[in-house]
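First comes the structure, then the notes that go with it.
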Amino acid sequence: MTDLTSTRPAGLPQPRSYAGVNWIGVQTLYLREVRRFWKVGAQTVAGPVVTTLLYMLVFVVALQGTRAPLHGTAFPEFVAPGLIMMAMLNNAFANASSSLIQAKVMNTATDFLTPPLSPLELTIGFSLGAATRGLVVGIVTAICVMPFARLEVASLGLILWFGLLACLIMGMLGVFAGLWAQKFDQLAAVQNFVIMPMTFLSGTFYLVENLPEPFSTISHFNPFFYLIDGFRAGFIGVENAEGNLLVGTVMSGVLALVMAWACWAVFKSGWRLKT
């Protein structure tokens, strides 16, 4: 048999070989994800901010003076960080999941499968893109709720740790949902029956300790509870945290690592993309 490599005409372009991480490819994928949501900013950024402001209008302005302080914290200052985190969680999830389901439905997955991107690089690109949307929404939302709640920074480290990891975790969870779903209805089911209940039952608007048993105990197994509680403690003070911050810090770090490994594994297997 003739060796085709020996008969290949000289001068043809060859596949680029990367000894380490393809940073150019990662940057391109990341910018693609950021520009995708930024192009429709009225929907992806302004929309969640308006929703959060409506929550603030109902729970703070309309009920002004009728809600007692929670753990010594005025209700507006208690609920505002939870609402900010809720917007961050939902939007980080939505960014990665919608990107992948659209790529599958519109047959554009080759845009990121054909380039020389490894499973690790795909994981980095999609998760960072989703985290960026979550953080942008969180920052804009925090600025907009300041007229309704006096947000003070008690621990910048807690705010950054739980805010960043929450966006990364939800972005990688969005990768799973986007790969699993075959149509938009299935993706909406995950959002409505999994993400939203876990968010609302995590102590965003109330103290979990006030729930009757077994719901109070069950809430402590909800990872969203620790993410929101740790993020809120960064504003209202460590002494006002409802849960164990050490447990929340370790849990969020371990969960992020496990999710990163799982995303790498599914991209490597080509599940629902190449099969």
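How things are named: the first chain in the structure tokens is A, the next is B, and so on; residues count from 1 in each chain; ligands count from 1 in the order shown.
Within the 10 Å cut-off around A:Arg272, using only C-alpha atoms and omitting residues fewer than 4 positions from it on the same chain, the listed residues are Lys104, Phe176, Gly178, Leu179, Trp180, Ala181, Gln182, Val266 and Phe267 of chain A.
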Dump N, CA and C atoms for the selected residues as a PDB file, in the first residue's frame?
```pdb
ATOM      1  N   LYS A 104     -26.903  22.336  19.881  1.00  0.00           N
ATOM      2  CA  LYS A 104     -27.389  21.033  19.450  1.00  0.00           C
ATOM      3  C   LYS A 104     -28.609  21.163  18.542  1.00  0.00           C
ATOM      4  N   PHE A 176     -24.132  20.418  32.111  1.00  0.00           N
ATOM      5  CA  PHE A 176     -24.804  19.121  32.189  1.00  0.00           C
ATOM      6  C   PHE A 176     -26.228  19.202  31.653  1.00  0.00           C
ATOM      7  N   GLY A 178     -27.529  21.416  29.621  1.00  0.00           N
ATOM      8  CA  GLY A 178     -27.542  21.674  28.184  1.00  0.00           C
ATOM      9  C   GLY A 178     -27.194  20.447  27.369  1.00  0.00           C
ATOM     10  N   LEU A 179     -26.286  19.609  27.882  1.00  0.00           N
ATOM     11  CA  LEU A 179     -25.933  18.379  27.183  1.00  0.00           C
ATOM     12  C   LEU A 179     -27.037  17.331  27.297  1.00  0.00           C
ATOM     13  N   TRP A 180     -27.673  17.265  28.465  1.00  0.00           N
ATOM     14  CA  TRP A 180     -28.717  16.258  28.671  1.00  0.00           C
ATOM     15  C   TRP A 180     -29.978  16.563  27.881  1.00  0.00           C
ATOM     16  N   ALA A 181     -30.392  17.829  27.875  1.00  0.00           N
ATOM     17  CA  ALA A 181     -31.662  18.197  27.251  1.00  0.00           C
ATOM     18  C   ALA A 181     -31.598  18.024  25.736  1.00  0.00           C
ATOM     19  N   GLN A 182     -32.665  17.484  25.184  1.00  0.00           N
ATOM     20  CA  GLN A 182     -32.788  17.331  23.742  1.00  0.00           C
ATOM     21  C   GLN A 182     -33.645  18.432  23.118  1.00  0.00           C
ATOM     22  N   VAL A 266     -17.517  14.396  30.762  1.00  0.00           N
ATOM     23  CA  VAL A 266     -18.584  14.311  29.767  1.00  0.00           C
ATOM     24  C   VAL A 266     -18.127  14.893  28.430  1.00  0.00           C
ATOM     25  N   PHE A 267     -17.325  15.948  28.469  1.00  0.00           N
ATOM     26  CA  PHE A 267     -16.800  16.477  27.210  1.00  0.00           C
ATOM     27  C   PHE A 267     -15.846  15.474  26.568  1.00  0.00           C
TER      28      PHE A 267
END
```
**OP:** Show which residues sit within 12 Å of A:Leu70, as a list in words. Count only C-alpha atoms, and ignore same-chain residues fewer than 3 positions away.
**Re:** Arg67, Thr73, Ala74, Phe75, Pro76, Glu77, Phe78, Val79, Gly203, Thr204, Phe205, Tyr206, Leu207, Val208, Glu209, Asn210, Ile236, Asn240, Ala241 and Glu242 of chain A
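Taking atom CA of A:Leu29 and atom CA of A:Cys263 as the two end points, the separation is 15.7 Å.
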Original post:
Using only C-alpha atoms, which residues sit within 9 Å of A:Tyr55 once same-chain residues fewer than 5 positions away are excluded, as a PyMOL selection string?
Top reply: chain A and resi 50+60+83
Can you write out the residues you just picked, keeping N, CA, C and O atoms, as a PDB file, in the first residue's frame?
```pdb
ATOM      1  N   VAL A  50     -34.413  43.745  36.720  1.00  0.00           N
ATOM      2  CA  VAL A  50     -35.798  44.197  36.904  1.00  0.00           C
ATOM      3  C   VAL A  50     -36.559  43.218  37.800  1.00  0.00           C
ATOM      4  O   VAL A  50     -37.317  43.616  38.683  1.00  0.00           O
ATOM      5  N   VAL A  60     -39.835  44.441  50.483  1.00  0.00           N
ATOM      6  CA  VAL A  60     -39.223  45.494  51.295  1.00  0.00           C
ATOM      7  C   VAL A  60     -40.094  46.741  51.336  1.00  0.00           C
ATOM      8  O   VAL A  60     -40.500  47.204  52.407  1.00  0.00           O
ATOM      9  N   LEU A  83     -31.178  37.849  47.238  1.00  0.00           N
ATOM     10  CA  LEU A  83     -31.726  38.131  45.912  1.00  0.00           C
ATOM     11  C   LEU A  83     -30.615  38.307  44.879  1.00  0.00           C
ATOM     12  O   LEU A  83     -30.742  37.873  43.731  1.00  0.00           O
TER      13      LEU A  83
END
```
**OP:** Determine the nearest neighbour of A:Ile159 from the options A:Leu187, A:Leu246, A:Ile228, A:Ala130, counting only C-alpha atoms.
**Re:** A:Ile228
Original post:
Got a sec to tell me which of stretch 1-195 of chain A DSSP assigns to alpha helix (DSSP H), as number ranges by chain?
Top reply: A: 4-7, 23-38, 41, 47-56, 75-105, 110-113, 119-145, 156-180, 184-190
**OP:** Rank nothing, just name the residue among A:Trp161, A:Trp261, A:Phe235, A:Phe193 nearest to A:Gly248, using only C-alpha atoms.
**Re:**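 Looking only at the distances to A:Gly248, the closest residue turns out to be A:Trp161.
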Subject >> Shortest interatomic distance to A:Pro81 - which of A:Val254, A:Leu151, A:Leu100, A:Cys167, counting only C-alpha atoms >> reply: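 Result for the nearest residue to A:Pro81: A:Leu151.
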Original post:
Counting only C-alpha atoms, what is within 12 Å of A:Asn107, bar same-chain residues fewer than 6 positions away, as a list in words?
Top reply: Ser99, Leu100, Ile101, Leu113, Leu273 and Lys274 of chain A
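Separating atom CA of A:Gly230 from atom CA of A:Trp38 is a distance of 28.4 Å.
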